[in-house]
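Below is data.csv, which holds CSV, C-alpha atoms.
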```csv
chain,number,residue,atom,x,y,z
A,1,MET,CA,-24.3,43.8,-4.6
A,2,PRO,CA,-24.3,40.0,-4.1
A,3,TYR,CA,-22.9,38.6,-0.9
A,4,GLN,CA,-19.3,37.3,-1.3
A,5,ARG,CA,-18.7,34.1,0.6
A,6,PHE,CA,-15.5,32.8,2.0
A,7,PRO,CA,-16.0,29.1,2.9
A,8,LYS,CA,-14.3,27.8,6.0
A,9,ILE,CA,-13.2,24.4,7.1
A,10,GLU,CA,-13.0,23.2,10.7
A,11,ILE,CA,-11.6,19.7,11.4
A,12,LEU,CA,-13.5,17.8,14.0
A,13,TYR,CA,-11.7,14.4,13.8
A,14,LEU,CA,-8.8,13.3,11.7
A,15,SER,CA,-7.1,9.9,11.2
A,16,PRO,CA,-5.5,8.2,8.2
A,17,HIS,CA,-8.7,6.4,7.3
A,18,GLU,CA,-11.5,8.7,8.6
A,19,MET,CA,-12.1,12.5,8.7
A,20,ARG,CA,-15.0,14.6,10.0
A,21,PHE,CA,-15.1,18.3,9.4
A,22,THR,CA,-17.5,21.2,9.1
A,23,LEU,CA,-17.9,23.3,5.9
A,24,SER,CA,-19.4,26.7,6.7
A,25,ASP,CA,-20.2,30.0,5.0
A,26,THR,CA,-21.3,28.4,1.8
A,27,ASP,CA,-24.5,26.7,0.4
A,28,VAL,CA,-25.7,23.2,-0.3
A,29,SER,CA,-24.6,23.3,-4.0
A,30,MET,CA,-20.9,23.6,-2.9
A,31,ALA,CA,-21.3,21.0,-0.2
A,32,ASN,CA,-22.8,18.5,-2.7
A,33,THR,CA,-20.2,19.3,-5.3
A,34,LEU,CA,-17.4,18.5,-2.9
A,35,ARG,CA,-19.1,15.3,-1.9
A,36,ARG,CA,-19.6,14.1,-5.5
A,37,ILE,CA,-16.0,14.9,-6.4
A,38,MET,CA,-14.6,12.9,-3.5
A,39,ILE,CA,-16.8,9.9,-4.5
A,40,ALA,CA,-16.3,10.0,-8.3
A,41,GLU,CA,-13.6,12.3,-9.5
A,42,VAL,CA,-10.5,11.9,-7.3
A,43,PRO,CA,-8.1,9.7,-9.3
A,44,THR,CA,-6.7,6.5,-7.7
A,45,LEU,CA,-5.0,3.3,-8.8
A,46,ALA,CA,-6.9,0.0,-9.4
A,47,ILE,CA,-6.3,-3.3,-11.1
A,48,ASP,CA,-7.7,-2.9,-14.6
A,49,LEU,CA,-6.2,-5.8,-16.6
A,50,VAL,CA,-5.4,-9.4,-15.5
A,51,GLU,CA,-3.4,-11.9,-17.5
A,52,PHE,CA,-3.9,-15.5,-16.3
A,53,HIS,CA,-1.1,-18.0,-16.8
A,54,GLU,CA,-2.6,-20.8,-14.7
A,55,ASN,CA,-5.9,-21.0,-12.8
A,56,SER,CA,-6.9,-24.4,-11.4
A,57,THR,CA,-8.9,-22.9,-8.5
A,58,VAL,CA,-12.6,-23.3,-8.0
A,59,LEU,CA,-13.3,-19.7,-9.3
A,60,ASN,CA,-13.1,-18.9,-13.0
A,61,ASP,CA,-10.9,-16.2,-14.4
A,62,GLU,CA,-13.5,-13.5,-14.6
A,63,TYR,CA,-14.6,-13.9,-11.0
A,64,ILE,CA,-11.0,-13.6,-9.7
A,65,ALA,CA,-10.3,-10.6,-12.0
A,66,HIS,CA,-13.3,-8.9,-10.6
A,67,ARG,CA,-12.2,-9.5,-7.0
A,68,LEU,CA,-8.7,-8.2,-7.9
A,69,GLY,CA,-10.2,-5.0,-9.3
A,70,LEU,CA,-11.9,-4.3,-6.0
A,71,ILE,CA,-8.7,-4.5,-3.9
A,72,PRO,CA,-7.7,-0.9,-2.9
A,73,ILE,CA,-4.3,0.0,-4.4
A,74,LYS,CA,-2.3,2.4,-2.4
A,75,TYR,CA,0.3,4.8,-3.7
A,76,GLN,CA,2.7,5.6,-0.8
A,77,ASP,CA,4.3,9.1,-1.1
A,78,PRO,CA,8.0,8.5,-0.7
A,79,GLN,CA,8.3,11.8,1.2
A,80,THR,CA,5.5,11.4,3.7
A,81,LEU,CA,5.0,7.6,3.6
A,82,ARG,CA,1.3,8.2,3.6
A,83,GLY,CA,-1.4,7.2,1.2
A,84,GLY,CA,-0.8,9.9,-1.3
A,85,ASP,CA,-2.3,11.4,-4.5
A,86,CYS,CA,-1.3,9.4,-7.5
A,87,ASN,CA,-2.3,12.2,-10.0
A,88,GLY,CA,1.3,13.6,-10.1
A,89,PRO,CA,3.4,10.5,-10.2
A,90,PHE,CA,1.2,8.7,-12.7
A,91,LEU,CA,-0.7,9.5,-16.0
A,92,SER,CA,-3.9,8.0,-17.3
A,93,HIS,CA,-3.1,5.2,-19.8
A,94,ARG,CA,-5.2,7.2,-22.3
A,95,GLU,CA,-2.9,10.2,-22.0
A,96,CYS,CA,0.4,8.3,-21.9
A,97,VAL,CA,2.4,8.3,-25.2
A,98,CYS,CA,3.9,4.8,-24.6
A,99,TYR,CA,3.1,2.0,-27.1
A,100,GLU,CA,1.3,-0.4,-24.7
A,101,ARG,CA,2.2,0.4,-21.1
A,102,CYS,CA,5.0,1.8,-19.0
A,103,ARG,CA,5.9,2.6,-15.4
A,104,ARG,CA,4.5,6.1,-15.9
A,105,CYS,CA,1.0,4.9,-16.6
A,106,SER,CA,0.8,1.4,-15.0
A,107,VAL,CA,2.0,-0.8,-12.2
A,108,GLU,CA,2.5,-4.6,-12.6
A,109,PHE,CA,1.6,-7.1,-9.9
A,110,GLU,CA,2.5,-10.8,-10.0
A,111,LEU,CA,0.8,-13.5,-8.1
A,112,ASP,CA,2.0,-17.1,-8.0
A,113,VAL,CA,0.7,-19.5,-5.3
A,114,ASP,CA,0.9,-23.3,-5.7
A,115,PHE,CA,-0.8,-25.3,-2.9
A,116,ASP,CA,1.6,-28.2,-3.2
A,117,GLN,CA,4.7,-26.0,-2.8
A,118,GLU,CA,3.3,-23.8,-0.1
A,119,ASN,CA,1.8,-26.8,1.9
A,120,GLY,CA,5.3,-28.2,2.5
A,121,LYS,CA,6.2,-25.0,4.5
A,122,ARG,CA,3.3,-25.3,6.9
A,123,ALA,CA,3.0,-27.1,10.2
A,124,GLU,CA,1.9,-30.7,10.1
A,125,ALA,CA,-1.5,-29.9,11.7
A,126,GLU,CA,-2.3,-27.3,9.0
A,127,ARG,CA,-1.4,-29.4,5.9
A,128,MET,CA,-4.9,-30.7,5.2
A,129,LEU,CA,-6.4,-27.1,5.4
A,130,PRO,CA,-6.9,-25.0,2.3
A,131,ILE,CA,-4.6,-22.0,1.7
A,132,THR,CA,-6.2,-18.6,1.4
A,133,VAL,CA,-4.7,-16.5,-1.4
A,134,THR,CA,-4.8,-12.8,-0.2
A,135,SER,CA,-3.7,-9.4,-1.4
A,136,ARG,CA,-0.4,-10.0,0.5
A,137,ASP,CA,0.5,-12.5,-2.3
A,138,LEU,CA,0.5,-9.7,-4.9
A,139,LYS,CA,4.1,-8.6,-5.7
A,140,SER,CA,4.5,-5.1,-7.1
A,141,ASN,CA,7.2,-3.9,-9.5
A,142,ASN,CA,6.9,-0.4,-7.9
A,143,ASP,CA,8.1,0.0,-4.3
A,144,SER,CA,5.7,2.9,-3.7
A,145,VAL,CA,2.6,1.1,-4.9
A,146,MET,CA,1.0,-1.8,-2.9
A,147,PRO,CA,-2.4,-3.2,-2.0
A,148,ALA,CA,-4.1,-1.6,1.0
A,149,HIS,CA,-4.4,-4.8,3.1
A,150,PHE,CA,-5.9,-3.2,6.2
A,151,LEU,CA,-7.2,0.2,7.2
A,152,SER,CA,-5.5,0.2,10.6
A,153,GLU,CA,-3.4,-1.9,12.9
A,154,GLU,CA,-6.5,-2.7,15.0
A,155,GLU,CA,-8.2,-4.2,11.9
A,156,GLN,CA,-5.1,-6.2,11.1
A,157,ASP,CA,-4.9,-7.6,14.6
A,158,GLU,CA,-8.5,-8.7,14.4
A,159,ALA,CA,-8.3,-10.2,10.9
A,160,GLN,CA,-8.2,-14.0,10.3
A,161,ASP,CA,-6.1,-13.6,7.1
A,162,GLU,CA,-3.0,-11.8,6.2
A,163,GLY,CA,-4.7,-9.5,3.8
A,164,ILE,CA,-7.9,-9.2,1.6
A,165,SER,CA,-9.0,-12.7,0.6
A,166,ILE,CA,-9.0,-13.5,-3.1
A,167,VAL,CA,-9.6,-17.3,-3.3
A,168,LYS,CA,-9.0,-20.5,-1.3
A,169,ILE,CA,-6.9,-23.2,-2.9
A,170,GLY,CA,-6.6,-26.9,-2.1
A,171,PRO,CA,-4.3,-29.9,-3.1
A,172,GLY,CA,-3.2,-29.8,-6.7
A,173,GLN,CA,-4.5,-26.2,-7.3
A,174,HIS,CA,-2.3,-23.4,-8.6
A,175,LEU,CA,-3.0,-19.7,-9.3
A,176,LYS,CA,-0.5,-17.7,-11.4
A,177,LEU,CA,-1.3,-14.3,-13.0
A,178,LYS,CA,-0.1,-10.8,-13.8
A,179,ALA,CA,-2.3,-7.9,-12.9
A,180,ILE,CA,-1.9,-4.3,-14.3
A,181,ALA,CA,-3.0,-1.4,-12.2
A,182,ARG,CA,-3.9,1.9,-13.9
A,183,MET,CA,-5.1,5.3,-12.8
A,184,GLY,CA,-8.7,6.2,-13.2
A,185,ILE,CA,-11.8,7.8,-11.6
A,186,ALA,CA,-15.0,6.3,-10.2
A,187,LYS,CA,-17.1,7.9,-12.9
A,188,GLU,CA,-15.7,5.2,-15.1
A,189,HIS,CA,-15.9,2.3,-12.6
A,190,ALA,CA,-16.6,2.2,-8.8
A,191,LYS,CA,-13.3,0.3,-8.2
A,192,TRP,CA,-11.5,3.7,-8.5
A,193,SER,CA,-13.5,5.4,-5.8
A,194,PRO,CA,-11.2,6.3,-2.9
A,195,VAL,CA,-14.0,6.5,-0.3
A,196,ALA,CA,-16.3,4.0,1.3
A,197,VAL,CA,-18.4,6.8,2.8
A,198,ALA,CA,-18.6,10.4,1.9
A,199,THR,CA,-21.7,12.1,3.3
A,200,TYR,CA,-22.8,15.4,4.8
A,201,ARG,CA,-25.7,16.6,6.9
A,202,PHE,CA,-26.9,20.0,7.9
A,203,TRP,CA,-25.7,21.7,11.1
A,204,PRO,CA,-28.5,21.8,13.7
A,205,ASP,CA,-29.3,25.3,15.0
A,206,ILE,CA,-30.8,24.9,18.5
A,207,GLU,CA,-32.6,27.9,19.9
A,208,PHE,CA,-34.4,28.2,23.3
A,209,ASN,CA,-37.3,30.5,23.9
A,210,GLU,CA,-36.6,31.5,27.5
A,211,GLU,CA,-39.9,33.4,27.8
A,212,GLN,CA,-41.9,30.3,26.8
A,213,LEU,CA,-39.7,28.0,28.9
A,214,ALA,CA,-40.4,30.1,32.0
A,215,THR,CA,-44.1,28.9,31.8
A,216,LEU,CA,-43.1,25.2,32.3
A,217,THR,CA,-42.5,23.3,35.4
A,218,LEU,CA,-39.4,21.2,36.1
A,219,ASP,CA,-41.3,18.0,35.3
A,220,GLN,CA,-42.4,19.4,31.9
A,221,LYS,CA,-38.9,20.5,31.1
A,222,GLN,CA,-37.7,17.0,32.0
A,223,GLU,CA,-40.4,15.6,29.7
A,224,LEU,CA,-38.9,17.7,26.8
A,225,VAL,CA,-35.5,16.2,27.6
A,226,ASP,CA,-36.8,12.7,27.6
A,227,ALA,CA,-38.9,13.2,24.4
A,228,CYS,CA,-35.8,13.7,22.3
A,229,PRO,CA,-34.5,10.3,21.3
A,230,ASP,CA,-31.1,11.7,20.5
A,231,ARG,CA,-30.7,13.1,24.0
A,232,ILE,CA,-29.4,16.5,22.9
A,233,LEU,CA,-31.0,18.4,25.7
A,234,GLN,CA,-30.1,18.6,29.4
A,235,LEU,CA,-31.8,20.1,32.4
A,236,ASP,CA,-30.0,21.8,35.3
A,237,GLU,CA,-32.2,20.8,38.3
A,238,THR,CA,-30.7,23.5,40.5
A,239,THR,CA,-31.4,26.5,38.2
A,240,GLY,CA,-34.1,24.9,36.1
A,241,LYS,CA,-32.3,25.9,32.9
A,242,LEU,CA,-32.7,23.9,29.8
A,243,SER,CA,-29.7,23.7,27.4
A,244,ALA,CA,-28.1,21.7,24.7
A,245,ILE,CA,-25.5,19.1,25.6
A,246,GLU,CA,-21.9,19.4,24.5
A,247,ASN,CA,-21.3,18.4,20.8
A,248,ALA,CA,-25.1,18.2,20.3
A,249,HIS,CA,-24.5,18.6,16.6
A,250,GLU,CA,-23.0,15.1,16.5
A,251,PHE,CA,-26.2,13.5,17.8
A,252,ALA,CA,-29.1,15.7,16.5
A,253,THR,CA,-30.7,13.7,13.7
A,254,PHE,CA,-34.4,13.1,14.6
A,255,THR,CA,-36.4,15.7,16.4
A,256,GLU,CA,-40.0,14.9,15.4
A,257,ASP,CA,-40.8,13.5,18.9
A,258,LEU,CA,-39.6,16.7,20.5
A,259,ARG,CA,-41.9,18.7,18.2
A,260,LEU,CA,-44.9,16.6,19.0
A,261,THR,CA,-44.3,16.8,22.8
A,262,GLN,CA,-44.0,20.6,22.6
A,263,GLU,CA,-47.4,20.8,20.7
A,264,SER,CA,-49.1,18.9,23.5
A,265,MET,CA,-47.7,21.3,26.1
A,266,LYS,CA,-48.7,24.6,24.4
A,267,LYS,CA,-51.6,26.5,25.8
A,268,ARG,CA,-52.6,27.7,22.4
A,269,PRO,CA,-51.6,26.0,19.1
A,270,GLU,CA,-50.2,29.3,17.7
A,271,ASP,CA,-47.8,29.8,20.6
A,272,ASP,CA,-44.1,29.7,19.8
A,273,ASP,CA,-42.1,26.5,20.4
A,274,PHE,CA,-40.1,26.1,23.6
A,275,VAL,CA,-37.1,24.7,21.7
A,276,THR,CA,-36.6,25.2,18.0
A,277,ILE,CA,-34.2,23.0,16.0
A,278,THR,CA,-33.6,24.0,12.4
A,279,GLN,CA,-31.2,23.0,9.7
A,280,ALA,CA,-28.5,25.6,8.9
A,281,THR,CA,-28.4,26.3,5.2
A,282,ASP,CA,-24.8,27.5,5.3
A,283,ARG,CA,-23.0,25.0,7.5
A,284,PHE,CA,-22.6,21.3,7.0
A,285,ILE,CA,-21.0,18.3,8.8
A,286,PHE,CA,-19.0,16.0,6.6
A,287,SER,CA,-18.0,12.4,7.3
A,288,VAL,CA,-15.4,10.7,5.0
A,289,GLU,CA,-14.1,7.2,5.4
A,290,THR,CA,-11.5,5.8,3.0
A,291,THR,CA,-11.1,2.4,1.3
A,292,GLY,CA,-7.4,2.5,2.2
A,293,SER,CA,-6.1,3.6,-1.2
A,294,MET,CA,-5.5,7.2,0.1
A,295,ASP,CA,-5.5,9.0,3.4
A,296,ALA,CA,-8.7,10.9,4.3
A,297,GLU,CA,-6.9,14.3,4.4
A,298,VAL,CA,-5.3,13.6,1.0
A,299,ILE,CA,-8.7,12.7,-0.5
A,300,PHE,CA,-10.1,16.0,0.7
A,301,MET,CA,-7.2,18.1,-0.7
A,302,SER,CA,-7.3,16.2,-4.0
A,303,ALA,CA,-11.0,17.0,-4.3
A,304,LEU,CA,-10.3,20.7,-3.8
A,305,ARG,CA,-7.6,20.4,-6.5
A,306,VAL,CA,-10.1,18.8,-8.9
A,307,LEU,CA,-12.7,21.5,-8.2
A,308,LYS,CA,-10.1,24.2,-8.7
A,309,ASP,CA,-9.1,22.7,-12.1
A,310,ARG,CA,-12.7,22.5,-13.2
A,311,LEU,CA,-13.4,26.1,-12.3
A,312,ASN,CA,-10.2,27.3,-14.1
A,313,ASP,CA,-11.2,25.3,-17.2
A,314,LEU,CA,-14.7,26.9,-17.1
A,315,ALA,CA,-13.1,30.3,-16.8
A,316,MET,CA,-11.0,29.6,-19.9
A,317,GLN,CA,-14.1,28.5,-21.8
A,318,VAL,CA,-15.9,31.7,-20.9
A,319,ILE,CA,-12.9,33.8,-22.0
A,320,ASN,CA,-12.7,31.9,-25.3
A,321,LEU,CA,-16.4,32.6,-25.9
A,322,LYS,CA,-15.8,36.3,-25.5
A,323,ASP,CA,-13.1,36.2,-28.1
A,324,VAL,CA,-15.4,34.6,-30.7
```
Kindly return the structure encoded in the file as structure tokens.
Amino acid sequence: MPYQRFPKIEILYLSPHEMRFTLSDTDVSMANTLRRIMIAEVPTLAIDLVEFHENSTVLNDEYIAHRLGLIPIKYQDPQTLRGGDCNGPFLSHRECVCYERCRRCSVEFELDVDFDQENGKRAEAERMLPITVTSRDLKSNNDSVMPAHFLSEEEQDEAQDEGISIVKIGPGQHLKLKAIARMGIAKEHAKWSPVAVATYRFWPDIEFNEEQLATLTLDQKQELVDACPDRILQLDETTGKLSAIENAHEFATFTEDLRLTQESMKKRPEDDDFVTITQATDRFIFSVETTGSMDAEVIFMSALRVLKDRLNDLAMQVINLKDV
């Protein structure tokens, strides 16, 4: 009878814009499926259509439209006030039954910045400097939808501008436009991807051969510690015991130098290694960083929902085949 697996999740670190967790009791196919869904199949909002009314800036319409499309658009759940999943509150414009667009399938942003008008509001010393048009100048017709200007308060404090820069304008220049945000997935265009980083690596299994280690001197054991560039080993000089450091899984990436050092210490080439570091095939360390359009935890939960929907659809297809 095949082994039935029950995948488990353990959260290592969680913040609104970053998440690290372990996925265990599963295989690489499931880990890669989850990674690919988070990158390309979790729906988000992004500016998809731009109507220009006036553009006398140094950048042409297409260039500005492209920059607007790459600004992360955040749907703020009214109940949690977090970057939420837009899949429920919004429909894809291809599925909506409206004639052109409506509040169910799109969000309108207006931007109107005139240098000559804004310049009069500035201090005398700043009036000869260009004005930076940022994502803060985009005005939404939906209070729950807004550009994600910064990932965190720390980033906001360190920034030179009030939001994501779009274009700089000078005397006599004016930018006025209407931007339409729609729901989509990154399989269609990368601007809909909710993640900046979504990666995983194998959990390192570190095993010590105490019988072999007993044949080494303290200096040789220290040489093993120093040979590992990730510094994942430590030596207790009192007991002479070699062990892994705390949270060694976070640092273990390159162990080739350790292997070569062990080979030079062996009395016979066929002897077992003193320390064996292998990649676990059923445990993975994930790292997810968001673009700001959704909270990291919400992205993960949305990816699980998409995976569940896909599996349910596959089950229905199989059932329909049986009935034929």
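Close to (-12.9, 11.2, 12.1), meaning no more than 12 Å away when counting only C-alpha atoms, sit the residues Ile11, Leu12, Tyr13, Leu14, Ser15, Pro16, His17, Glu18, Met19, Arg20, Phe21, Thr22, Val197, Ala198, Glu250, Ile285, Phe286, Ser287, Val288, Glu289, Thr290, Asp295, Ala296 and Glu297 of chain A.
Proximity to A:Asp236 was assessed for A:Gln222, A:Thr291, A:Asn55, A:Asn32 counting only C-alpha atoms; the smallest distance is recorded for A:Gln222.
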Inset, instruction - Would you mind reading off the distance between atom CA of A:Glu100 and atom CA of A:Asp143, one decimal, in Å? - result: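 Separation of atom CA of A:Glu100 and atom CA of A:Asp143: 21.5 Å.
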So which residues touch A:Asp61 within 10 Å, counting all atoms listed in the file, skipping near sequence neighbours fewer than 4 positions away, as a PDB file with C-alpha atoms, in the coordinates of the input?
```
ATOM      1  CA  VAL A  50      -5.400  -9.400 -15.500  1.00  0.00           C
ATOM      2  CA  GLU A  51      -3.400 -11.900 -17.500  1.00  0.00           C
ATOM      3  CA  PHE A  52      -3.900 -15.500 -16.300  1.00  0.00           C
ATOM      4  CA  GLU A  54      -2.600 -20.800 -14.700  1.00  0.00           C
ATOM      5  CA  ASN A  55      -5.900 -21.000 -12.800  1.00  0.00           C
ATOM      6  CA  SER A  56      -6.900 -24.400 -11.400  1.00  0.00           C
ATOM      7  CA  THR A  57      -8.900 -22.900  -8.500  1.00  0.00           C
ATOM      8  CA  ALA A  65     -10.300 -10.600 -12.000  1.00  0.00           C
ATOM      9  CA  HIS A  66     -13.300  -8.900 -10.600  1.00  0.00           C
ATOM     10  CA  LEU A 177      -1.300 -14.300 -13.000  1.00  0.00           C
TER      11      LEU A 177
END
```
Legend entry - Among the residues A:Leu23, A:Leu224, A:Leu129, A:Val42, the one that comes closest to A:Lys168 [using all atoms listed in the file]: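 The answer is A:Leu129, which sits nearest to A:Lys168.
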Inset, instruction - Check the smallest atom-to-atom distance from each of A:Ile169, A:Cys102, A:Leu307, A:Cys228 to A:Glu118 using all atoms listed in the file, then report the winner. - result: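 The closest residue to A:Glu118 is A:Ile169.
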